[in-house]
>>> print(open('model.cif').read())   # mmCIF, C-alpha atoms
data_structure
#
loop_
_atom_site.label_atom_id
_atom_site.label_comp_id
_atom_site.auth_asym_id
_atom_site.auth_seq_id
_atom_site.Cartn_x
_atom_site.Cartn_y
_atom_site.Cartn_z
CA MET B 1 0.00 0.00 0.00
CA ALA B 2 1.31 3.46 -0.90
CA ASN B 3 2.22 5.95 1.79
CA VAL B 4 0.17 9.17 1.72
CA HIS B 5 1.14 12.42 3.42
CA LYS B 6 -1.15 15.46 3.58
CA THR B 7 -0.34 19.16 3.79
CA VAL B 8 -1.67 22.48 2.42
CA PHE B 9 -0.54 25.09 -0.10
CA LYS B 10 -1.53 28.58 1.09
CA LYS B 11 -1.54 31.71 -1.07
CA ASP B 12 -3.69 34.82 -0.56
CA ASN B 13 -7.17 33.44 0.25
CA VAL B 14 -6.50 30.13 -1.49
CA ARG B 15 -6.02 26.91 0.46
CA VAL B 16 -5.12 23.90 -1.69
CA PRO B 17 -5.01 20.53 0.10
CA ILE B 18 -1.92 18.58 -0.94
CA LYS B 19 -1.59 14.81 -1.05
CA VAL B 20 1.87 13.32 -1.41
CA HIS B 21 1.83 9.68 -2.51
CA LEU B 22 4.95 7.54 -2.13
CA GLU B 23 4.50 4.71 -4.61
CA TYR B 24 6.28 2.01 -6.53
CA ARG B 25 6.80 3.99 -9.75
CA LYS B 26 9.65 5.09 -11.99
CA ASP B 27 9.31 8.87 -11.78
CA HIS B 28 7.35 11.60 -10.03
CA ARG B 29 4.16 13.24 -11.32
CA PHE B 30 2.35 16.52 -10.51
CA SER B 31 -1.39 17.11 -10.94
CA ILE B 32 -4.28 19.23 -9.68
CA ALA B 33 -7.54 17.38 -9.07
CA LYS B 34 -10.93 18.76 -8.01
CA ARG B 35 -10.26 18.42 -4.30
CA SER B 36 -6.47 18.64 -4.02
CA ALA B 37 -3.07 18.97 -5.65
CA ILE B 38 -1.37 15.60 -5.95
CA LEU B 39 2.30 14.68 -5.95
CA ARG B 40 3.19 11.10 -6.76
CA MET B 41 6.82 10.11 -6.38
CA PRO B 42 8.84 6.89 -6.16
CA ILE B 43 9.03 5.35 -2.74
CA TRP B 44 12.72 4.69 -3.34
CA TYR B 45 13.54 8.45 -3.42
CA LEU B 46 15.92 9.31 -0.60
CA LYS B 47 15.06 12.08 1.89
CA GLY B 48 16.98 14.77 0.00
CA GLN B 49 15.38 13.87 -3.34
CA ARG B 50 11.91 13.80 -1.75
CA GLN B 51 12.38 17.30 -0.33
CA LYS B 52 13.75 18.61 -3.64
CA THR B 53 10.79 17.14 -5.54
CA TYR B 54 8.32 18.53 -3.02
CA THR B 55 9.84 22.02 -3.37
CA GLN B 56 9.58 21.73 -7.17
CA PHE B 57 5.95 20.70 -6.73
CA LEU B 58 5.17 23.80 -4.64
CA ASP B 59 6.84 25.99 -7.29
CA TRP B 60 4.79 24.21 -9.95
CA ILE B 61 1.53 24.91 -8.06
CA GLU B 62 2.46 28.58 -7.58
CA SER B 63 3.30 28.92 -11.27
CA HIS B 64 -0.11 27.52 -12.21
CA TYR B 65 -1.77 29.81 -9.68
CA THR B 66 -0.09 32.83 -11.30
CA LYS B 67 -0.79 31.79 -14.91
CA LYS B 68 -4.25 30.22 -14.50
CA PRO B 69 -5.93 31.60 -11.35
CA GLU B 70 -9.31 30.35 -12.60
CA MET B 71 -8.10 26.80 -11.87
CA PHE B 72 -8.00 27.69 -8.17
CA LEU B 73 -11.44 29.28 -7.75
CA ARG B 74 -12.72 26.12 -6.07
CA PHE B 75 -9.97 26.39 -3.47
CA GLN B 76 -10.70 29.98 -2.46
CA ILE B 77 -11.71 30.58 1.13
CA LYS B 78 -14.29 33.34 1.50
CA GLU B 79 -13.91 35.85 4.30
CA TYR B 80 -17.53 36.11 5.46
CA GLN B 81 -18.64 39.35 7.09
CA THR B 82 -21.93 40.77 8.36
CA GLY B 83 -23.90 42.14 5.44
CA ASP B 84 -22.60 39.68 2.87
CA ILE B 85 -25.30 38.19 0.64
CA LEU B 86 -25.41 34.48 -0.15
CA GLU B 87 -27.70 33.37 -2.98
CA VAL B 88 -28.98 29.90 -2.10
CA PHE B 89 -31.83 28.02 -3.80
CA GLY B 90 -33.19 31.23 -5.32
CA VAL B 91 -33.16 33.25 -2.08
CA SER B 92 -30.78 36.07 -1.08
CA TYR B 93 -29.68 35.35 2.48
CA ARG B 94 -28.03 38.11 4.49
CA LEU B 95 -25.20 37.00 6.75
CA GLU B 96 -24.98 38.22 10.32
CA VAL B 97 -21.67 37.29 11.96
CA PHE B 98 -21.23 37.44 15.74
CA ALA B 99 -17.98 37.02 17.69
CA VAL B 100 -18.70 34.95 20.80
CA PRO B 101 -16.74 33.40 23.68
CA GLY B 102 -15.83 29.73 23.62
CA ASP B 103 -14.54 27.59 20.78
CA ARG B 104 -17.69 26.44 18.96
CA VAL B 105 -18.68 27.62 15.48
CA SER B 106 -22.43 27.53 14.93
CA ALA B 107 -25.03 28.84 12.48
CA LYS B 108 -28.78 29.30 12.22
CA LEU B 109 -30.82 29.71 9.04
CA ILE B 110 -33.85 31.95 9.58
CA GLU B 111 -35.99 31.42 6.49
CA GLU B 112 -38.76 33.91 7.33
CA HIS B 113 -36.22 36.76 7.41
CA SER B 114 -33.78 35.35 4.83
CA ILE B 115 -30.92 35.52 7.33
CA ILE B 116 -28.07 33.18 8.19
CA GLU B 117 -26.70 33.90 11.68
CA LEU B 118 -23.12 32.82 12.33
CA SER B 119 -21.56 32.60 15.78
CA ILE B 120 -17.76 32.60 15.51
CA PRO B 121 -15.36 32.24 18.46
CA LYS B 122 -13.37 35.41 19.07
CA SER B 123 -10.24 33.29 18.89
CA LEU B 124 -10.90 32.72 15.18
CA GLU B 125 -11.13 36.40 14.25
CA ASP B 126 -7.48 36.52 13.17
CA ASP B 127 -7.16 32.84 12.24
CA THR B 128 -6.09 32.20 8.63
CA ASP B 129 -8.51 29.25 8.52
CA ARG B 130 -11.47 31.33 9.73
CA GLY B 131 -13.15 31.25 6.33
CA LYS B 132 -12.81 27.50 6.07
CA HIS B 133 -14.51 26.97 9.44
CA ILE B 134 -17.35 29.31 8.45
CA SER B 135 -17.73 27.68 5.03
CA ASN B 136 -18.10 24.24 6.59
CA ILE B 137 -20.76 25.33 9.08
CA ILE B 138 -22.71 27.24 6.40
CA LYS B 139 -22.85 24.12 4.25
CA LYS B 140 -24.20 22.12 7.19
CA VAL B 141 -26.90 24.63 8.11
CA VAL B 142 -27.94 25.08 4.47
CA ALA B 143 -28.22 21.31 3.97
CA LYS B 144 -30.29 20.90 7.13
CA GLY B 145 -32.50 23.94 6.63
CA LEU B 146 -33.22 23.67 2.90
CA LYS B 147 -33.37 19.90 2.37
CA PRO B 148 -37.21 19.82 2.69
CA LYS B 149 -37.62 22.54 0.03
CA VAL B 150 -35.18 20.89 -2.37
CA GLU B 151 -36.87 17.53 -1.89
CA GLN B 152 -40.25 19.14 -2.52
CA ARG B 153 -38.98 20.57 -5.81
CA LEU B 154 -37.42 17.23 -6.75
CA SER B 155 -40.71 15.45 -6.03
CA TYR B 156 -42.64 17.91 -8.19
CA LEU B 157 -40.27 17.46 -11.14
CA ALA B 158 -40.26 13.68 -10.71
CA LYS B 159 -44.04 13.43 -10.77
CA ASN B 160 -45.07 16.20 -13.17
CA VAL B 161 -42.14 16.63 -15.56
CA VAL B 162 -40.04 13.45 -15.82
CA GLY B 163 -42.58 10.83 -14.73
CA VAL B 164 -40.48 8.77 -12.32
CA ARG B 165 -40.31 7.93 -8.62
CA PHE B 166 -37.22 8.13 -6.46
CA ASN B 167 -36.59 6.54 -3.09
CA ASN B 168 -34.17 8.42 -0.86
CA PHE B 169 -32.80 11.92 -1.35
CA ARG B 170 -29.68 13.44 0.21
CA LEU B 171 -27.78 16.71 0.03
CA LYS B 172 -24.05 15.92 0.01
CA ASP B 173 -20.91 18.00 0.32
CA SER B 174 -19.50 17.06 -3.08
CA LEU B 175 -17.08 18.92 -5.32
CA THR B 176 -16.72 16.20 -7.91
CA ASN B 177 -20.24 16.39 -9.32
CA TRP B 178 -23.47 18.38 -9.10
CA GLY B 179 -25.61 15.34 -8.55
CA SER B 180 -25.69 11.55 -8.76
CA CYS B 181 -28.12 8.66 -8.57
CA SER B 182 -27.99 4.94 -7.92
CA GLY B 183 -29.57 1.82 -9.29
CA LYS B 184 -31.72 1.78 -6.15
CA ASN B 185 -33.43 5.02 -7.29
CA ASN B 186 -31.65 7.16 -4.72
CA ILE B 187 -30.81 10.76 -5.64
CA ASN B 188 -27.85 12.74 -4.28
CA ILE B 189 -27.47 16.45 -4.94
CA SER B 190 -24.38 18.48 -4.06
CA ILE B 191 -24.93 21.31 -1.57
CA ARG B 192 -22.98 23.44 -4.05
CA THR B 193 -25.78 22.91 -6.59
CA LEU B 194 -28.01 25.16 -4.46
CA LEU B 195 -25.77 28.11 -5.38
CA LEU B 196 -26.83 27.83 -9.03
CA PRO B 197 -29.67 29.95 -10.46
CA MET B 198 -33.01 28.19 -10.03
CA ASP B 199 -33.40 27.13 -13.67
CA LYS B 200 -29.92 25.59 -13.56
CA ILE B 201 -30.83 23.78 -10.33
CA ASP B 202 -33.89 22.38 -12.11
CA TYR B 203 -31.60 21.11 -14.87
CA VAL B 204 -29.42 19.23 -12.37
CA LEU B 205 -32.50 17.73 -10.71
CA ILE B 206 -34.05 16.75 -14.04
CA HIS B 207 -30.73 15.30 -15.23
CA GLU B 208 -30.54 12.98 -12.22
CA LEU B 209 -34.21 12.04 -12.42
CA CYS B 210 -33.77 11.07 -16.07
CA HIS B 211 -31.00 8.71 -14.97
CA LEU B 212 -33.72 6.73 -13.20
CA LYS B 213 -34.95 5.89 -16.68
CA GLU B 214 -31.52 5.44 -18.24
CA LEU B 215 -28.44 5.07 -16.02
CA ASN B 216 -25.97 6.00 -18.75
CA HIS B 217 -25.54 8.98 -21.09
CA SER B 218 -26.92 7.27 -24.17
CA PRO B 219 -28.94 9.06 -26.87
CA GLU B 220 -32.04 7.69 -25.16
CA PHE B 221 -31.04 9.41 -21.92
CA TRP B 222 -30.51 12.78 -23.60
CA GLY B 223 -33.84 12.31 -25.33
CA TYR B 224 -35.55 12.07 -21.93
CA VAL B 225 -33.69 15.18 -20.73
CA GLU B 226 -34.65 17.18 -23.82
CA LYS B 227 -38.30 16.16 -23.52
CA ALA B 228 -38.36 17.30 -19.88
CA MET B 229 -36.31 20.47 -20.52
CA PRO B 230 -36.05 21.46 -24.20
CA ASN B 231 -33.43 24.17 -23.50
CA TYR B 232 -31.25 21.94 -21.32
CA LYS B 233 -28.14 22.61 -23.45
CA GLU B 234 -28.22 26.27 -22.42
CA ALA B 235 -28.29 25.30 -18.74
CA GLU B 236 -25.51 22.76 -19.22
CA SER B 237 -23.35 25.32 -21.05
CA TRP B 238 -23.91 27.94 -18.34
CA ILE B 239 -22.91 25.49 -15.60
CA THR B 240 -19.79 24.45 -17.52
CA THR B 241 -18.74 28.09 -17.96
CA HIS B 242 -19.71 29.57 -14.59
CA GLY B 243 -20.15 26.65 -12.18
CA GLY B 244 -16.50 26.45 -11.22
CA SER B 245 -16.66 29.86 -9.50
CA LEU B 246 -19.54 28.86 -7.19
CA HIS B 247 -18.58 27.69 -3.74
CA TYR B 248 -19.32 28.42 -0.07
#
>>> encode(input="model.cif", output="structure tokens")
Amino acid sequence: MANVHKTVFKKDNVRVPIKVHLEYRKDHRFSIAKRSAILRMPIWYLKGQRQKTYTQFLDWIESHYTKKPEMFLRFQIKEYQTGDILEVFGVSYRLEVFAVPGDRVSAKLIEEHSIIELSIPKSLEDDTDRGKHISNIIKKVVAKGLKPKVEQRLSYLAKNVVGVRFNNFRLKDSLTNWGSCSGKNNINISIRTLLLPMDKIDYVLIHELCHLKELNHSPEFWGYVEKAMPNYKEAESWITTHGGSLHY
């Protein structure tokens, strides 16, 4: 089994998780995946060679960050402040951030006033990972608070637009896809999907529901999608172009 070591590349408000794999291979390899930057190098490298390769890897990441900053949008950490607006599932939520004693980060979604209240320990006010802590708690409170509404919309589309039934539905913290389904008729939707405009959210929901009819991306599958949403190609193009910049 390969050895895996984890660290982080930090630059401005970007935090890129790094995974270093020591493997039985001939040479090293650099790559940037959806969730992390990955360094794979031979397990037989001596300590000095490992450190040299790791330094080259960091330089390689920084060079990519300078030349193609759009590649790193998904790794940006937002610095949430009172008054910020977060567009989620078609609603503009105003953030109210409070510094409190203790060490617990918490949040409350108040639907009737379109407010998300965040309680942040005072000790985190100057912490470089403050945004990451806030991002994680926002995703949790959004998933808990809005799951019934998303499921209601999914049920409507399933019954009245696509003509299928699903079993279980979950909101997941996924960066690798907008949605997924299983052969057991279960639907998973990424929490990040809720940041899309409502018509684009409908496309993701319809896309996954159509997979209950056809589990692959065959012409038959796209025929079901087009019947349910004739302009689906516009939504798909918009998500491809702009989706990468949407994150909590």
>>> closest_residue(input="model.cif", among="B:Ala37, B:Leu86, B:Val4, B:Met71", to="Ile18 of chain B", atoms="only C-alpha atoms")
B:Ala37
>>> resolve_selection(input="model.cif", expression="the PyMOL selection byres ((chain B and resi 44-56) around 9)", output="PyMOL selection string")
chain B and resi 20+22-25+28+39+41-43+57-61
>>> write_last_selection(input="model.cif", atoms="C-alpha atoms", output="PDB file, in the frame of the given file")
ATOM      1  CA  VAL B  20       1.870  13.320  -1.410  1.00  0.00           C
ATOM      2  CA  LEU B  22       4.950   7.540  -2.130  1.00  0.00           C
ATOM      3  CA  GLU B  23       4.500   4.710  -4.610  1.00  0.00           C
ATOM      4  CA  TYR B  24       6.280   2.010  -6.530  1.00  0.00           C
ATOM      5  CA  ARG B  25       6.800   3.990  -9.750  1.00  0.00           C
ATOM      6  CA  HIS B  28       7.350  11.600 -10.030  1.00  0.00           C
ATOM      7  CA  LEU B  39       2.300  14.680  -5.950  1.00  0.00           C
ATOM      8  CA  MET B  41       6.820  10.110  -6.380  1.00  0.00           C
ATOM      9  CA  PRO B  42       8.840   6.890  -6.160  1.00  0.00           C
ATOM     10  CA  ILE B  43       9.030   5.350  -2.740  1.00  0.00           C
ATOM     11  CA  PHE B  57       5.950  20.700  -6.730  1.00  0.00           C
ATOM     12  CA  LEU B  58       5.170  23.800  -4.640  1.00  0.00           C
ATOM     13  CA  ASP B  59       6.840  25.990  -7.290  1.00  0.00           C
ATOM     14  CA  TRP B  60       4.790  24.210  -9.950  1.00  0.00           C
ATOM     15  CA  ILE B  61       1.530  24.910  -8.060  1.00  0.00           C
TER      16      ILE B  61
END
>>> closest_residue(input="model.cif", among="B:Gly90, B:Gly183, B:Pro121, B:Gly163", to="Val150 of chain B", atoms="only C-alpha atoms")
B:Gly90
>>> residues_around(input="model.cif", residues="Arg165 of chain B", least_positions_apart="6", cutoff="8 Å", atoms="all atoms listed in the file", output="ChimeraX atom specification")
/B:155,158-159,185
>>> closest_atom_pairs(input="model.cif", of="segment 129-163 of chain B", to="segment 168-171 of chain B", cutoff="10 Å", atoms="all atoms listed in the file", output="CSV")
residue,atom,partner,partner_atom,distance
B:Lys139,CA,B:Leu171,CA,9.8
B:Lys140,CA,B:Leu171,CA,9.7
B:Val142,CA,B:Leu171,CA,9.5
B:Ala143,CA,B:Leu171,CA,6.1
B:Lys144,CA,B:Leu171,CA,8.6
B:Leu146,CA,B:Leu171,CA,9.3
B:Lys147,CA,B:Leu171,CA,6.8
B:Pro148,CA,B:Phe169,CA,9.9
B:Val150,CA,B:Leu171,CA,8.8
B:Glu151,CA,B:Phe169,CA,7.0
B:Leu154,CA,B:Phe169,CA,8.9
B:Ser155,CA,B:Phe169,CA,9.8
>>> resolve_selection(input="model.cif", expression="the PyMOL selection byres ((chain B and resi 77) around 12)", output="list in words")
Lys10, Lys11, Asp12, Asn13, Val14, Arg15, Val16, Phe72, Leu73, Arg74, Phe75, Gln76, Lys78, Glu79, Tyr80, Thr128, Asp129, Arg130, Gly131, Lys132, His133, Ile134, Ser135, Asn136, Ser245, Leu246, His247 and Tyr248 of chain B
>>> closest_residue(input="model.cif", among="B:Arg94, B:Glu208, B:Val100, B:Ile191", to="His113 of chain B", atoms="all atoms listed in the file")
B:Arg94
>>> atom_distance(input="model.cif", atom1="atom CA of Lys68 of chain B", atom2="atom CA of Gly243 of chain B")
16.5 Å
>>> resolve_selection(input="model.cif", expression="the PyMOL selection byres ((chain B and resi 226-235) around 8)", output="PyMOL selection string")
chain B and resi 161-162+199-200+203+206+222-225+236-239
>>> atom_distance(input="model.cif", atom1="atom CA of Ile120 of chain B", atom2="atom CA of Phe98 of chain B")
6.0 Å
>>> closest_residue(input="model.cif", among="B:Asp27, B:Asp202, B:Ser174, B:Ser63", to="Ile189 of chain B", atoms="all atoms listed in the file")
B:Ser174
>>> atom_distance(input="model.cif", atom1="atom CA of Gln152 of chain B", atom2="atom CA of Ser218 of chain B")
28.1 Å
>>> residues_near_point(input="model.cif", point="(-29.1, 10.0, -16.8)", cutoff="10 Å", atoms="only C-alpha atoms", output="mmCIF file with C-alpha atoms, keeping the file's coordinate frame")
data_model
loop_
_atom_site.group_PDB
_atom_site.id
_atom_site.type_symbol
_atom_site.label_atom_id
_atom_site.label_comp_id
_atom_site.auth_asym_id
_atom_site.auth_seq_id
_atom_site.Cartn_x
_atom_site.Cartn_y
_atom_site.Cartn_z
ATOM 1 C CA SER B 180 -25.690 11.550 -8.760
ATOM 2 C CA CYS B 181 -28.120 8.660 -8.570
ATOM 3 C CA ILE B 206 -34.050 16.750 -14.040
ATOM 4 C CA HIS B 207 -30.730 15.300 -15.230
ATOM 5 C CA GLU B 208 -30.540 12.980 -12.220
ATOM 6 C CA LEU B 209 -34.210 12.040 -12.420
ATOM 7 C CA CYS B 210 -33.770 11.070 -16.070
ATOM 8 C CA HIS B 211 -31.000 8.710 -14.970
ATOM 9 C CA LEU B 212 -33.720 6.730 -13.200
ATOM 10 C CA LYS B 213 -34.950 5.890 -16.680
ATOM 11 C CA GLU B 214 -31.520 5.440 -18.240
ATOM 12 C CA LEU B 215 -28.440 5.070 -16.020
ATOM 13 C CA ASN B 216 -25.970 6.000 -18.750
ATOM 14 C CA HIS B 217 -25.540 8.980 -21.090
ATOM 15 C CA SER B 218 -26.920 7.270 -24.170
ATOM 16 C CA GLU B 220 -32.040 7.690 -25.160
ATOM 17 C CA PHE B 221 -31.040 9.410 -21.920
ATOM 18 C CA TRP B 222 -30.510 12.780 -23.600
ATOM 19 C CA TYR B 224 -35.550 12.070 -21.930
ATOM 20 C CA VAL B 225 -33.690 15.180 -20.730
#
>>> residues_near_point(input="model.cif", point="(-24.4, 31.3, 16.3)", cutoff="6 Å", atoms="all atoms listed in the file", output="list in words")
Ser106, Ala107, Glu117, Leu118 and Ser119 of chain B
>>> decode(input="model.cif", residues="segment 26-49 of chain B", atoms="N, CA, C and O atoms", output="PDB file, in the first residue's frame")
ATOM      1  N   LYS B  26       8.335   4.748 -11.457  1.00  0.00           N
ATOM      2  CA  LYS B  26       9.646   5.092 -11.994  1.00  0.00           C
ATOM      3  C   LYS B  26      10.015   6.554 -11.792  1.00  0.00           C
ATOM      4  O   LYS B  26      11.187   6.886 -11.629  1.00  0.00           O
ATOM      5  N   ASP B  27       9.016   7.438 -11.859  1.00  0.00           N
ATOM      6  CA  ASP B  27       9.310   8.869 -11.780  1.00  0.00           C
ATOM      7  C   ASP B  27       8.175   9.579 -11.062  1.00  0.00           C
ATOM      8  O   ASP B  27       7.113   9.004 -10.820  1.00  0.00           O
ATOM      9  N   HIS B  28       8.390  10.861 -10.743  1.00  0.00           N
ATOM     10  CA  HIS B  28       7.348  11.605 -10.034  1.00  0.00           C
ATOM     11  C   HIS B  28       6.362  12.235 -11.024  1.00  0.00           C
ATOM     12  O   HIS B  28       6.659  12.369 -12.224  1.00  0.00           O
ATOM     13  N   ARG B  29       5.206  12.644 -10.489  1.00  0.00           N
ATOM     14  CA  ARG B  29       4.157  13.238 -11.324  1.00  0.00           C
ATOM     15  C   ARG B  29       3.398  14.272 -10.516  1.00  0.00           C
ATOM     16  O   ARG B  29       3.051  14.040  -9.365  1.00  0.00           O
ATOM     17  N   PHE B  30       3.120  15.446 -11.136  1.00  0.00           N
ATOM     18  CA  PHE B  30       2.354  16.523 -10.515  1.00  0.00           C
ATOM     19  C   PHE B  30       0.982  16.610 -11.171  1.00  0.00           C
ATOM     20  O   PHE B  30       0.860  16.466 -12.389  1.00  0.00           O
ATOM     21  N   SER B  31      -0.058  16.900 -10.372  1.00  0.00           N
ATOM     22  CA  SER B  31      -1.392  17.113 -10.942  1.00  0.00           C
ATOM     23  C   SER B  31      -2.256  17.897  -9.965  1.00  0.00           C
ATOM     24  O   SER B  31      -1.972  17.953  -8.769  1.00  0.00           O
ATOM     25  N   ILE B  32      -3.304  18.523 -10.500  1.00  0.00           N
ATOM     26  CA  ILE B  32      -4.280  19.233  -9.679  1.00  0.00           C
ATOM     27  C   ILE B  32      -5.649  18.623  -9.950  1.00  0.00           C
ATOM     28  O   ILE B  32      -6.153  18.686 -11.072  1.00  0.00           O
ATOM     29  N   ALA B  33      -6.223  17.994  -8.945  1.00  0.00           N
ATOM     30  CA  ALA B  33      -7.541  17.384  -9.067  1.00  0.00           C
ATOM     31  C   ALA B  33      -8.605  18.342  -8.536  1.00  0.00           C
ATOM     32  O   ALA B  33      -8.314  19.483  -8.192  1.00  0.00           O
ATOM     33  N   LYS B  34      -9.846  17.879  -8.458  1.00  0.00           N
ATOM     34  CA  LYS B  34     -10.928  18.761  -8.014  1.00  0.00           C
ATOM     35  C   LYS B  34     -10.830  19.101  -6.537  1.00  0.00           C
ATOM     36  O   LYS B  34     -11.217  20.191  -6.113  1.00  0.00           O
ATOM     37  N   ARG B  35     -10.300  18.196  -5.742  1.00  0.00           N
ATOM     38  CA  ARG B  35     -10.257  18.420  -4.301  1.00  0.00           C
ATOM     39  C   ARG B  35      -8.865  18.719  -3.763  1.00  0.00           C
ATOM     40  O   ARG B  35      -8.726  19.168  -2.631  1.00  0.00           O
ATOM     41  N   SER B  36      -7.827  18.469  -4.551  1.00  0.00           N
ATOM     42  CA  SER B  36      -6.474  18.641  -4.025  1.00  0.00           C
ATOM     43  C   SER B  36      -5.443  18.679  -5.140  1.00  0.00           C
ATOM     44  O   SER B  36      -5.733  18.344  -6.293  1.00  0.00           O
ATOM     45  N   ALA B  37      -4.227  19.102  -4.771  1.00  0.00           N
ATOM     46  CA  ALA B  37      -3.068  18.965  -5.647  1.00  0.00           C
ATOM     47  C   ALA B  37      -2.374  17.676  -5.245  1.00  0.00           C
ATOM     48  O   ALA B  37      -2.280  17.358  -4.056  1.00  0.00           O
ATOM     49  N   ILE B  38      -1.902  16.928  -6.228  1.00  0.00           N
ATOM     50  CA  ILE B  38      -1.374  15.598  -5.952  1.00  0.00           C
ATOM     51  C   ILE B  38       0.050  15.453  -6.476  1.00  0.00           C
ATOM     52  O   ILE B  38       0.333  15.756  -7.636  1.00  0.00           O
ATOM     53  N   LEU B  39       0.920  15.006  -5.596  1.00  0.00           N
ATOM     54  CA  LEU B  39       2.296  14.682  -5.955  1.00  0.00           C
ATOM     55  C   LEU B  39       2.495  13.189  -5.773  1.00  0.00           C
ATOM     56  O   LEU B  39       2.280  12.649  -4.683  1.00  0.00           O
ATOM     57  N   ARG B  40       2.876  12.523  -6.829  1.00  0.00           N
ATOM     58  CA  ARG B  40       3.187  11.098  -6.761  1.00  0.00           C
ATOM     59  C   ARG B  40       4.680  10.935  -7.053  1.00  0.00           C
ATOM     60  O   ARG B  40       5.158  11.388  -8.090  1.00  0.00           O
ATOM     61  N   MET B  41       5.399  10.310  -6.132  1.00  0.00           N
ATOM     62  CA  MET B  41       6.820  10.114  -6.381  1.00  0.00           C
ATOM     63  C   MET B  41       7.260   8.730  -5.906  1.00  0.00           C
ATOM     64  O   MET B  41       6.616   8.114  -5.043  1.00  0.00           O
ATOM     65  N   PRO B  42       8.365   8.243  -6.478  1.00  0.00           N
ATOM     66  CA  PRO B  42       8.839   6.889  -6.157  1.00  0.00           C
ATOM     67  C   PRO B  42       9.159   6.718  -4.676  1.00  0.00           C
ATOM     68  O   PRO B  42       9.755   7.602  -4.057  1.00  0.00           O
ATOM     69  N   ILE B  43       8.781   5.621  -4.142  1.00  0.00           N
ATOM     70  CA  ILE B  43       9.026   5.351  -2.736  1.00  0.00           C
ATOM     71  C   ILE B  43      10.517   5.180  -2.455  1.00  0.00           C
ATOM     72  O   ILE B  43      10.976   5.330  -1.322  1.00  0.00           O
ATOM     73  N   TRP B  44      11.288   4.892  -3.515  1.00  0.00           N
ATOM     74  CA  TRP B  44      12.721   4.691  -3.335  1.00  0.00           C
ATOM     75  C   TRP B  44      13.507   6.000  -3.315  1.00  0.00           C
ATOM     76  O   TRP B  44      14.720   5.988  -3.090  1.00  0.00           O
ATOM     77  N   TYR B  45      12.845   7.169  -3.537  1.00  0.00           N
ATOM     78  CA  TYR B  45      13.538   8.446  -3.424  1.00  0.00           C
ATOM     79  C   TYR B  45      14.092   8.599  -1.997  1.00  0.00           C
ATOM     80  O   TYR B  45      13.386   8.348  -1.017  1.00  0.00           O
ATOM     81  N   LEU B  46      15.346   9.025  -1.901  1.00  0.00           N
ATOM     82  CA  LEU B  46      15.920   9.310  -0.599  1.00  0.00           C
ATOM     83  C   LEU B  46      15.383  10.633  -0.062  1.00  0.00           C
ATOM     84  O   LEU B  46      14.756  11.412  -0.793  1.00  0.00           O
ATOM     85  N   LYS B  47      15.629  10.908   1.220  1.00  0.00           N
ATOM     86  CA  LYS B  47      15.060  12.076   1.885  1.00  0.00           C
ATOM     87  C   LYS B  47      15.353  13.376   1.136  1.00  0.00           C
ATOM     88  O   LYS B  47      14.473  14.207   0.933  1.00  0.00           O
ATOM     89  N   GLY B  48      16.601  13.552   0.704  1.00  0.00           N
ATOM     90  CA  GLY B  48      16.979  14.774  -0.004  1.00  0.00           C
ATOM     91  C   GLY B  48      16.231  14.928  -1.317  1.00  0.00           C
ATOM     92  O   GLY B  48      15.789  16.026  -1.665  1.00  0.00           O
ATOM     93  N   GLN B  49      16.086  13.831  -2.063  1.00  0.00           N
ATOM     94  CA  GLN B  49      15.379  13.865  -3.340  1.00  0.00           C
ATOM     95  C   GLN B  49      13.886  14.124  -3.129  1.00  0.00           C
ATOM     96  O   GLN B  49      13.252  14.830  -3.908  1.00  0.00           O
TER      97      GLN B  49
END
